[in-house]
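Structure file input39.cif (mmCIF, C-alpha atoms and all ligand atoms) follows.
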```cif
data_query
loop_
_atom_site.label_atom_id
_atom_site.label_comp_id
_atom_site.auth_asym_id
_atom_site.auth_seq_id
_atom_site.Cartn_x
_atom_site.Cartn_y
_atom_site.Cartn_z
CA MET C 1 16.42 -16.85 -5.10
CA VAL C 2 14.57 -16.76 -1.76
CA SER C 3 11.36 -14.74 -1.92
CA LEU C 4 10.64 -12.00 0.61
CA PHE C 5 7.10 -13.41 0.73
CA ASP C 6 8.10 -16.88 1.86
CA GLY C 7 5.31 -16.99 4.45
CA LYS C 8 7.58 -16.35 7.44
CA THR C 9 9.42 -13.08 6.99
CA VAL C 10 6.57 -10.59 6.52
CA SER C 11 3.68 -9.93 8.95
CA GLY C 12 0.24 -10.73 7.46
CA ILE C 13 -0.70 -7.04 7.57
CA GLY C 14 1.73 -4.19 6.95
CA LEU C 15 1.70 -0.46 7.70
CA GLY C 16 1.09 2.14 4.99
CA THR C 17 2.72 5.53 5.53
CA TRP C 18 1.51 7.93 2.85
CA GLN C 19 -0.14 9.68 5.82
CA LEU C 20 3.34 10.38 7.29
CA GLY C 21 3.92 12.67 4.31
CA LEU C 22 1.62 15.06 6.24
CA LYS C 23 0.05 16.44 3.10
CA GLY C 24 -3.57 16.29 1.99
CA TRP C 25 -4.97 14.00 4.71
CA GLY C 26 -6.87 16.73 6.58
CA ALA C 27 -7.26 17.38 10.29
CA GLY C 28 -5.76 15.10 12.94
CA TYR C 29 -2.53 14.04 11.19
CA GLU C 30 0.40 15.14 13.43
CA ALA C 31 4.05 14.09 13.08
CA LYS C 32 4.56 13.18 16.77
CA GLU C 33 1.44 10.98 16.96
CA LEU C 34 2.24 9.29 13.66
CA VAL C 35 5.78 8.44 14.80
CA ASP C 36 4.42 7.01 18.11
CA ALA C 37 1.82 5.03 16.17
CA LEU C 38 4.39 3.57 13.80
CA GLN C 39 6.57 2.49 16.76
CA THR C 40 3.50 0.89 18.39
CA GLY C 41 2.87 -1.12 15.22
CA ILE C 42 6.46 -2.35 14.86
CA LYS C 43 6.80 -3.24 18.56
CA ASN C 44 3.60 -5.29 18.23
CA GLY C 45 4.84 -7.33 15.29
CA LEU C 46 3.71 -5.40 12.19
CA ASN C 47 7.11 -5.48 10.55
CA PHE C 48 6.34 -4.46 6.95
CA ILE C 49 6.50 -0.68 6.43
CA ASP C 50 5.46 0.70 3.07
CA THR C 51 6.55 4.18 2.02
CA ALA C 52 7.65 6.10 -1.10
CA GLU C 53 10.06 8.83 -2.07
CA ILE C 54 7.12 11.03 -3.14
CA TYR C 55 5.10 10.83 0.11
CA GLY C 56 5.41 14.40 1.38
CA MET C 57 8.42 14.68 -0.97
CA GLY C 58 10.57 12.55 1.37
CA ARG C 59 8.86 13.52 4.65
CA SER C 60 7.36 10.05 5.20
CA GLU C 61 10.75 8.36 4.76
CA THR C 62 12.37 10.93 7.09
CA LEU C 63 9.79 10.32 9.84
CA ILE C 64 10.21 6.54 9.47
CA GLY C 65 13.97 7.05 9.86
CA GLU C 66 13.30 8.93 13.12
CA ALA C 67 10.77 6.38 14.40
CA THR C 68 13.10 3.42 13.80
CA ARG C 69 16.37 5.07 14.85
CA ASP C 70 16.70 3.06 18.08
CA LEU C 71 15.16 -0.17 16.81
CA ASP C 72 17.04 -3.29 15.78
CA ARG C 73 17.08 -3.40 11.95
CA LYS C 74 15.89 -7.03 12.15
CA GLU C 75 12.62 -5.87 13.73
CA TYR C 76 11.26 -4.22 10.57
CA LEU C 77 11.29 -4.42 6.78
CA ILE C 78 11.32 -1.34 4.59
CA ALA C 79 9.43 -1.29 1.32
CA THR C 80 9.89 2.04 -0.41
CA LYS C 81 9.12 3.20 -3.94
CA LEU C 82 10.98 4.81 -6.78
CA ALA C 83 8.68 7.42 -8.39
CA GLY C 84 7.70 6.58 -11.99
CA PHE C 85 9.29 9.86 -13.17
CA ASN C 86 12.63 8.84 -11.62
CA ALA C 87 12.40 5.27 -12.89
CA SER C 88 15.14 5.25 -15.48
CA GLU C 89 18.52 3.58 -15.61
CA ARG C 90 20.17 6.99 -15.13
CA ARG C 91 18.25 8.08 -12.01
CA VAL C 92 17.87 4.86 -9.97
CA LYS C 93 21.11 5.30 -8.02
CA LYS C 94 20.32 8.88 -6.96
CA SER C 95 16.77 8.13 -5.79
CA LEU C 96 17.88 4.99 -3.98
CA THR C 97 20.73 6.79 -2.22
CA ASN C 98 18.41 9.59 -1.12
CA SER C 99 15.83 7.12 0.25
CA LEU C 100 18.52 5.20 2.16
CA GLY C 101 19.73 8.49 3.68
CA ARG C 102 16.28 9.64 4.79
CA LEU C 103 15.38 6.20 6.15
CA LYS C 104 18.81 5.90 7.87
CA VAL C 105 19.31 2.31 6.67
CA ASP C 106 21.97 0.58 4.59
CA HIS C 107 19.54 -1.45 2.48
CA ILE C 108 15.91 -1.45 1.32
CA ASP C 109 14.15 -4.79 1.75
CA LEU C 110 11.69 -4.28 -1.12
CA TYR C 111 12.31 -1.56 -3.73
CA GLN C 112 9.21 -0.93 -5.80
CA VAL C 113 8.78 1.06 -9.01
CA HIS C 114 5.79 3.20 -8.01
CA TRP C 115 4.04 3.28 -11.40
CA GLU C 116 4.87 2.30 -14.94
CA PRO C 117 7.58 4.65 -16.20
CA SER C 118 7.15 7.07 -19.09
CA ILE C 119 6.81 5.42 -22.49
CA TYR C 120 10.21 6.97 -23.43
CA THR C 121 11.99 4.86 -20.76
CA SER C 122 13.63 1.53 -21.55
CA ILE C 123 12.06 -1.08 -19.26
CA PRO C 124 14.92 -3.60 -19.79
CA GLU C 125 17.61 -1.00 -18.93
CA LEU C 126 15.68 0.12 -15.84
CA PHE C 127 15.31 -3.40 -14.46
CA LYS C 128 18.92 -4.29 -15.28
CA ALA C 129 19.95 -1.24 -13.22
CA LEU C 130 17.73 -2.42 -10.36
CA GLU C 131 19.23 -5.90 -10.56
CA THR C 132 22.70 -4.35 -10.23
CA GLU C 133 21.58 -2.71 -6.96
CA VAL C 134 20.41 -6.12 -5.71
CA LYS C 135 23.87 -7.54 -6.48
CA GLU C 136 25.47 -4.62 -4.63
CA GLY C 137 23.29 -5.34 -1.59
CA LEU C 138 21.45 -2.00 -1.50
CA ILE C 139 18.16 -3.68 -2.42
CA GLY C 140 16.97 -7.01 -1.05
CA HIS C 141 14.11 -7.65 -3.47
CA ILE C 142 12.43 -5.94 -6.44
CA GLY C 143 8.73 -5.06 -6.58
CA VAL C 144 6.48 -2.89 -8.71
CA SER C 145 3.26 -0.98 -8.16
CA ASN C 146 0.35 -0.25 -10.49
CA PHE C 147 1.97 -2.40 -13.21
CA SER C 148 0.15 -4.35 -15.91
CA ALA C 149 0.84 -8.05 -16.51
CA GLN C 150 2.56 -7.20 -19.79
CA THR C 151 5.04 -4.79 -18.21
CA ILE C 152 5.82 -7.21 -15.37
CA ALA C 153 6.62 -9.84 -18.00
CA ARG C 154 8.93 -7.40 -19.85
CA ALA C 155 10.69 -6.52 -16.58
CA ASN C 156 11.21 -10.19 -15.73
CA ASN C 157 12.56 -10.98 -19.19
CA SER C 158 15.29 -8.38 -18.73
CA MET C 159 16.64 -9.74 -15.42
CA LYS C 160 18.84 -12.81 -15.08
CA GLU C 161 19.08 -13.66 -11.37
CA THR C 162 16.11 -11.96 -9.81
CA ARG C 163 12.45 -11.25 -10.60
CA VAL C 164 9.57 -8.97 -9.73
CA GLU C 165 8.21 -10.39 -6.47
CA SER C 166 5.21 -8.17 -5.85
CA ASN C 167 2.83 -5.72 -7.48
CA GLN C 168 1.25 -3.15 -5.17
CA ILE C 169 -2.22 -2.36 -6.46
CA LYS C 170 -5.45 -0.86 -5.17
CA PHE C 171 -7.27 -3.74 -3.51
CA ASN C 172 -9.98 -3.63 -0.92
CA VAL C 173 -13.34 -5.24 -0.24
CA VAL C 174 -15.18 -2.92 -2.66
CA GLU C 175 -12.45 -1.91 -5.15
CA ARG C 176 -10.51 -4.56 -7.07
CA PRO C 177 -8.21 -4.67 -10.09
CA ASP C 178 -9.30 -6.65 -13.12
CA SER C 179 -9.35 -10.39 -12.66
CA LYS C 180 -6.93 -11.05 -15.57
CA LEU C 181 -4.16 -9.13 -13.80
CA LEU C 182 -4.84 -11.06 -10.58
CA GLU C 183 -4.79 -14.35 -12.50
CA TYR C 184 -1.43 -13.48 -14.11
CA MET C 185 0.04 -12.55 -10.74
CA LYS C 186 -1.16 -15.79 -9.16
CA THR C 187 0.22 -17.93 -12.00
CA ASN C 188 3.57 -16.15 -11.92
CA ASN C 189 3.90 -16.02 -8.16
CA VAL C 190 3.78 -12.22 -7.90
CA LYS C 191 2.45 -11.23 -4.47
CA VAL C 192 -0.48 -8.77 -4.26
CA ILE C 193 0.25 -5.92 -1.86
CA GLY C 194 -3.10 -4.17 -1.41
CA TRP C 195 -3.07 -0.39 -1.23
CA SER C 196 -6.09 1.49 0.11
CA PRO C 197 -7.28 -1.60 2.01
CA LEU C 198 -9.77 0.57 3.94
CA ALA C 199 -10.79 2.56 0.83
CA GLN C 200 -9.24 5.58 2.59
CA GLY C 201 -11.55 5.15 5.60
CA PHE C 202 -14.77 4.59 3.58
CA LEU C 203 -14.79 1.01 4.87
CA SER C 204 -14.41 2.01 8.53
CA GLY C 205 -18.16 2.65 8.64
CA LYS C 206 -17.73 6.05 10.31
CA TYR C 207 -18.41 8.15 7.20
CA SER C 208 -21.69 8.87 5.40
CA GLN C 209 -23.04 11.17 2.71
CA ASP C 210 -23.42 13.83 5.41
CA ARG C 211 -20.12 13.13 7.15
CA LYS C 212 -17.14 12.97 4.81
CA PRO C 213 -13.44 13.17 5.73
CA SER C 214 -11.51 16.43 5.40
CA GLY C 215 -8.39 16.97 3.27
CA GLY C 216 -7.73 17.20 -0.46
CA VAL C 217 -6.73 13.55 -0.95
CA ARG C 218 -10.12 12.20 0.01
CA ARG C 219 -12.13 15.10 -1.40
CA ILE C 220 -11.25 13.88 -4.91
CA ASN C 221 -11.72 10.16 -4.19
CA LYS C 222 -14.89 9.02 -5.97
CA ILE C 223 -15.42 6.21 -3.47
CA PHE C 224 -16.92 8.84 -1.12
CA SER C 225 -19.70 9.65 -3.64
CA ALA C 226 -23.36 9.48 -2.63
CA SER C 227 -23.98 6.55 -4.99
CA ASN C 228 -21.25 4.44 -3.37
CA PHE C 229 -22.60 5.06 0.15
CA ASP C 230 -25.92 3.72 -1.22
CA LYS C 231 -24.37 0.88 -3.20
CA TYR C 232 -22.28 -0.47 -0.33
CA ALA C 233 -24.70 0.14 2.54
CA GLY C 234 -25.60 -3.59 2.44
CA VAL C 235 -21.95 -4.72 2.54
CA LEU C 236 -21.16 -2.35 5.42
CA SER C 237 -24.23 -3.50 7.33
CA VAL C 238 -22.98 -7.12 7.17
CA PHE C 239 -19.63 -5.99 8.62
CA ARG C 240 -21.50 -3.94 11.25
CA ARG C 241 -23.55 -7.00 12.30
CA LEU C 242 -20.43 -9.21 12.44
CA SER C 243 -18.70 -6.50 14.44
CA GLU C 244 -21.41 -6.65 17.12
CA GLU C 245 -21.50 -10.45 17.16
CA LYS C 246 -17.72 -10.88 17.28
CA LYS C 247 -16.83 -7.86 19.45
CA ALA C 248 -14.32 -6.71 16.85
CA SER C 249 -14.33 -3.43 14.94
CA ILE C 250 -15.40 -3.13 11.30
CA VAL C 251 -11.81 -2.20 10.37
CA GLN C 252 -10.48 -5.37 12.02
CA LEU C 253 -13.00 -7.52 10.15
CA ILE C 254 -12.28 -5.81 6.82
CA LEU C 255 -8.52 -6.36 7.19
CA ALA C 256 -8.96 -9.96 8.40
CA TYR C 257 -11.14 -10.69 5.35
CA GLU C 258 -8.61 -9.13 2.94
CA LYS C 259 -5.84 -11.13 4.56
CA HIS C 260 -7.96 -14.26 4.12
CA LEU C 261 -8.03 -13.48 0.35
CA GLY C 262 -4.26 -13.96 0.29
CA ILE C 263 -3.19 -10.35 -0.17
CA LEU C 264 -0.92 -8.25 2.05
CA PRO C 265 -3.00 -5.21 3.12
CA ILE C 266 -1.02 -2.10 4.10
CA PRO C 267 -3.50 0.16 5.93
CA GLY C 268 -2.69 3.79 6.63
CA PHE C 269 -3.36 5.27 10.08
CA LYS C 270 -3.30 8.51 12.03
CA ASN C 271 -2.70 7.48 15.65
CA SER C 272 -1.75 4.62 17.99
CA GLU C 273 -5.39 3.71 18.68
CA GLN C 274 -5.89 2.92 15.01
CA VAL C 275 -2.64 0.97 14.86
CA LYS C 276 -3.65 -1.12 17.89
CA GLU C 277 -6.79 -2.15 16.00
CA ILE C 278 -4.67 -3.08 12.99
CA VAL C 279 -2.41 -5.17 15.28
CA SER C 280 -5.44 -7.10 16.61
CA ALA C 281 -6.76 -7.60 13.07
CA ASN C 282 -3.56 -9.48 12.27
CA SER C 283 -4.55 -12.31 14.62
CA LEU C 284 -8.32 -12.26 14.00
CA GLU C 285 -9.68 -15.48 12.46
CA LEU C 286 -12.94 -15.52 10.49
CA SER C 287 -15.18 -18.58 10.49
CA THR C 288 -16.49 -20.17 7.27
CA ARG C 289 -19.96 -18.81 8.11
CA GLU C 290 -18.62 -15.27 8.57
CA ILE C 291 -16.70 -15.42 5.30
CA SER C 292 -19.71 -16.71 3.45
CA SER C 293 -21.99 -13.93 4.77
CA ILE C 294 -19.45 -11.33 3.57
CA GLU C 295 -19.28 -13.01 0.16
CA VAL C 296 -23.04 -13.15 -0.25
CA SER C 297 -23.24 -9.38 0.41
CA LEU C 298 -20.52 -8.82 -2.23
CA GLN C 299 -22.37 -10.93 -4.81
CA GLU C 300 -25.30 -8.58 -4.41
CA ASN C 301 -23.08 -5.46 -4.74
CA ALA C 302 -20.12 -6.39 -6.91
CA PRO C 303 -16.82 -4.61 -6.16
CA LEU C 304 -15.86 -1.75 -8.51
CA GLU C 305 -13.19 -2.73 -11.00
CA THR C 306 -10.34 -0.22 -10.75
CA SER C 307 -7.85 0.72 -13.42
CA ILE C 308 -4.09 0.70 -12.86
CA GLY C 309 -3.25 3.14 -15.64
CA PHE C 310 -3.94 6.57 -14.17
CA TYR C 311 -0.35 7.88 -14.02
CA PRO C 312 1.07 10.29 -16.63
CA ARG C 313 3.05 7.85 -18.81
CA LEU C 314 2.79 9.95 -21.96
CA LEU C 315 4.66 12.86 -20.35
CA PRO C 316 8.45 12.93 -20.47
CA ASN C 317 9.88 12.47 -16.95
CA PHE C 318 10.93 16.11 -16.44
CA LEU C 319 7.36 17.32 -17.13
CA ALA C 320 5.80 14.66 -14.90
CA ARG C 321 8.25 15.65 -12.13
CA LEU C 322 7.19 19.30 -12.44
CA GLY C 323 3.51 18.28 -12.30
CA PHE C 324 4.00 16.52 -8.96
CA LEU C 325 5.34 19.72 -7.38
CA PHE C 326 1.83 21.13 -7.54
CA ILE C 327 0.01 18.33 -5.70
N1 LIG J 401 1.23 2.30 -4.63
C1 LIG J 401 0.35 3.26 -4.71
O1 LIG J 401 0.11 3.86 -5.77
C2 LIG J 401 -0.37 3.66 -3.46
C3 LIG J 401 -1.47 4.54 -3.52
C4 LIG J 401 -2.12 4.85 -2.33
C5 LIG J 401 -1.70 4.32 -1.12
N2 LIG J 401 -0.60 3.49 -1.09
C6 LIG J 401 -0.12 2.90 0.19
O2 LIG J 401 -1.23 2.27 0.84
C7 LIG J 401 -1.36 2.79 2.16
C8 LIG J 401 -2.81 2.75 2.62
O3 LIG J 401 -3.73 3.19 1.63
P1 LIG J 401 -4.50 4.59 1.76
O4 LIG J 401 -3.55 5.63 2.16
O5 LIG J 401 -5.22 4.78 0.46
O6 LIG J 401 -5.55 4.41 2.91
P2 LIG J 401 -6.35 3.22 3.65
O7 LIG J 401 -5.42 2.32 4.32
O8 LIG J 401 -7.37 2.64 2.73
O9 LIG J 401 -7.13 4.10 4.74
C9 LIG J 401 -6.39 4.73 5.75
C10 LIG J 401 -7.30 5.60 6.59
O10 LIG J 401 -8.30 4.79 7.22
C11 LIG J 401 -8.62 5.35 8.51
N3 LIG J 401 -8.34 4.31 9.54
C12 LIG J 401 -7.22 3.58 9.71
N4 LIG J 401 -7.32 2.75 10.77
C13 LIG J 401 -8.55 2.97 11.28
C14 LIG J 401 -9.25 2.44 12.39
N5 LIG J 401 -8.69 1.51 13.17
N6 LIG J 401 -10.51 2.88 12.62
C15 LIG J 401 -11.08 3.82 11.83
N7 LIG J 401 -10.46 4.38 10.77
C16 LIG J 401 -9.20 3.95 10.49
C17 LIG J 401 -7.68 6.55 8.71
O11 LIG J 401 -8.37 7.72 8.25
P3 LIG J 401 -9.33 8.65 9.17
O12 LIG J 401 -9.32 8.12 10.56
O13 LIG J 401 -8.79 10.03 9.04
O14 LIG J 401 -10.65 8.49 8.49
C18 LIG J 401 -6.55 6.23 7.74
O15 LIG J 401 -5.84 7.36 7.28
C19 LIG J 401 -0.74 4.19 2.08
O16 LIG J 401 -0.38 4.70 3.35
C20 LIG J 401 0.44 3.92 1.18
O17 LIG J 401 1.50 3.35 1.92
C21 LIG J 401 0.04 3.15 -2.24
#
```
Go ahead and express the file in the form of structure tokens.
Amino acid sequence: MVSLFDGKTVSGIGLGTWQLGLKGWGAGYEAKELVDALQTGIKNGLNFIDTAEIYGMGRSETLIGEATRDLDRKEYLIATKLAGFNASERRVKKSLTNSLGRLKVDHIDLYQVHWEPSIYTSIPELFKALETEVKEGLIGHIGVSNFSAQTIARANNSMKETRVESNQIKFNVVERPDSKLLEYMKTNNVKVIGWSPLAQGFLSGKYSQDRKPSGGVRRINKIFSASNFDKYAGVLSVFRRLSEEKKASIVQLILAYEKHLGILPIPGFKNSEQVKEIVSANSLELSTREISSIEVSLQENAPLETSIGFYPRLLPNFLARLGFLFI
């Protein structure tokens, strides 16, 4: 089996598109600008587009379908996600067909299970159903998101000819998953796709205790708490100093550093200006001295360890599905 992450196929930085769901991100997120921005990214070589069936309840996938309508399918890779509450043997086909329709493509390059399914779901039956879709050519590769090492192992044990190639988890300079999960993924050749690589804009350096972003999504994100602005002031000041020395933005340096750690960051964006910065980050090299000054600042202010288990696994799927209608 040839891996999607063979070092050639996928750009070093991808594009996250939760923001194209147009819900909860606050002022300044407009469909037309987001579509233009996505096209700018793809035309400049960022070929890995991450989305999900739940972003804006299909809106993100629909806008990606519009943005890519006139592009050659070889120019971009689609990584979408099957919601945890649809992740059962019975519902895979329907969700997959709907995503293909909205995205206007005949196959998904990486199909990810968005979070660990309800405890009432059979993991082996789910992954056997996904493997069938690989055989039928509707899915190129299988990935997961927010999965523990144990559940990845169970998924792999139930498939014969394919395996879980990636786990998409929250990973940025100041928020990391536990080291045991990362160790398992490294040993078993499961690629880290890092969601929230900019900590939802906290790491851009433009926010402060007195200037926080608008929108419900970020209002409830604890990273924007007063104590974290204090805790990470030192880390951000190192990036600010490097930014002046190197004539690159803080965002570019953050993404270049995360890429250096071997993960695939998938930053979100709101306009073409931001995407152009992400494009330049993809070719930015950091020197050994620059990397070591970042690492010293992180030793002084250790990253927060984040949990992967915050989705409603105890709820039966139909109740979890209802719950998502209200957010
Ligand atoms: N698998 C999962 O469970 C999961 C969960 C969350 C996200 N994701 C994926 O990960 C992607 C990214 O994570 P995220 O949505 O949490 O956000 P993020 O990438 O950490 O932050 C994105 C935000 O940073 C700001 N930004 C981007 N480029 C910038 C630039 N050049 N200069 C200044 N600010 C810039 C923008 O916000 P402002 O300019 O408005 O401040 C943008 O919306 C999502 O789109 C989604 O695809 C997956």
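Residues of protein, DNA or RNA lying at most 6 Å from ligand LIG 401 (chain J), when only C-alpha atoms and all ligand atoms are considered, are Gly16, Thr17, Trp18, Gln19, Asp50, Thr51, His114, Ser145, Gln168, Trp195, Ser196, Pro197, Leu198, Ala199, Gln200, Gly201, Ser204, Val251, Ile266, Pro267, Gly268, Phe269, Lys270, Gln274 and Glu277 of chain C.
For the choices C:Gly205, C:Gly12, C:Gly7, C:Gly101, the atom-to-atom distance to Ala256 of chain C is smallest for C:Gly12 when using all atoms listed in the file.
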For this session: Determine, counting all atoms listed in the file, which protein, DNA and RNA residues have an atom within 10 Å of an atom of segment 132-136 of chain C; residues of the same chain fewer than 2 positions away are not included. Present the result as a PyMOL selection string.
Result: chain C and resi 92-93+96+107-109+111+127-130+138-142+159+161-162
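For the atom pair formed by atom CA of Leu304 of chain C and atom CA of Glu175 of chain C, the distance is 4.8 Å, given to one decimal.
Atom pair atom CA of Phe5 of chain C / atom CA of Ser60 of chain C: separated by 23.9 Å.
Once Thr121 of chain C and its same-chain neighbours fewer than 3 positions away are set aside, Ser88, Pro117 and Ser118 of chain C remain within 7 Å of it when counting only C-alpha atoms.
In this comparison, which uses only C-alpha atoms, the residue of C:Phe324, C:Phe224, C:Tyr207, C:Phe48 approaching Tyr311 of chain C most closely is C:Phe324.
Around Glu183 of chain C, within 10 Å and counting only C-alpha atoms, the residues found are C:Ala149, C:Asn189, C:Val190, once anything fewer than 6 positions away on its own chain is removed.
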Exercise. By how many Å are atom CA of Arg102 of chain C and atom CA of Thr62 of chain C apart?
Worked result: 4.7 Å
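Residue nearest Val192 of chain C, chosen from C:Arg73, C:Lys259, C:Arg313, C:Lys247 and counting only C-alpha atoms: C:Lys259.
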Problem set entry | Residue list as a ChimeraX atom specification for point (-3.5, 14.9, 10.5), cut-off 10 Å, all atoms listed in the file | /C:19-31,33-34,214-215,269-271
Kindly save the residues from that selection, with C-alpha atoms included, as a compact mmCIF listing (two decimals), keeping the file's coordinate frame.
```txt
# COMPACT_ATOMS: atom_id res chain seq x y z
CA GLN C 19 -0.14 9.68 5.82
CA LEU C 20 3.34 10.38 7.29
CA GLY C 21 3.92 12.67 4.31
CA LEU C 22 1.62 15.06 6.24
CA LYS C 23 0.05 16.44 3.10
CA GLY C 24 -3.57 16.29 1.99
CA TRP C 25 -4.97 14.00 4.71
CA GLY C 26 -6.87 16.73 6.58
CA ALA C 27 -7.26 17.38 10.29
CA GLY C 28 -5.76 15.10 12.94
CA TYR C 29 -2.53 14.04 11.19
CA GLU C 30 0.40 15.14 13.43
CA ALA C 31 4.05 14.09 13.08
CA GLU C 33 1.44 10.98 16.96
CA LEU C 34 2.24 9.29 13.66
CA SER C 214 -11.51 16.43 5.40
CA GLY C 215 -8.39 16.97 3.27
CA PHE C 269 -3.36 5.27 10.08
CA LYS C 270 -3.30 8.51 12.03
CA ASN C 271 -2.70 7.48 15.65
```
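Of the listed residues C:Ile193, C:Leu126, C:Ile278, C:Leu182, the one whose atoms come nearest to Leu38 of chain C is C:Ile278, with distances taken using only C-alpha atoms.
Take the candidates C:Lys43, C:Lys160, C:Arg90, C:Lys74 and check each one against Thr9 of chain C using only C-alpha atoms; the shortest distance goes to C:Lys74.
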Could you name the residues that touch Asn301 of chain C at 9 Å or less, counting only C-alpha atoms, but leaving out those on the same chain fewer than 5 positions away, as a PDB file with C-alpha atoms, in the frame of the given file?
```pdb
ATOM      1  CA  VAL C 174     -15.180  -2.920  -2.660  1.00  0.00           C
ATOM      2  CA  LYS C 231     -24.370   0.880  -3.200  1.00  0.00           C
ATOM      3  CA  TYR C 232     -22.280  -0.470  -0.330  1.00  0.00           C
ATOM      4  CA  GLY C 234     -25.600  -3.590   2.440  1.00  0.00           C
ATOM      5  CA  VAL C 235     -21.950  -4.720   2.540  1.00  0.00           C
ATOM      6  CA  VAL C 296     -23.040 -13.150  -0.250  1.00  0.00           C
TER       7      VAL C 296
END
```
For this session: Please check which residues have atoms at most 12 Å from (-0.9, -10.9, 8.0) in the file's coordinates, counting all atoms listed in the file, and write them as a PyMOL selection string.
Result: chain C and resi 5+7-15+45-48+193-194+252+255-267+278-285
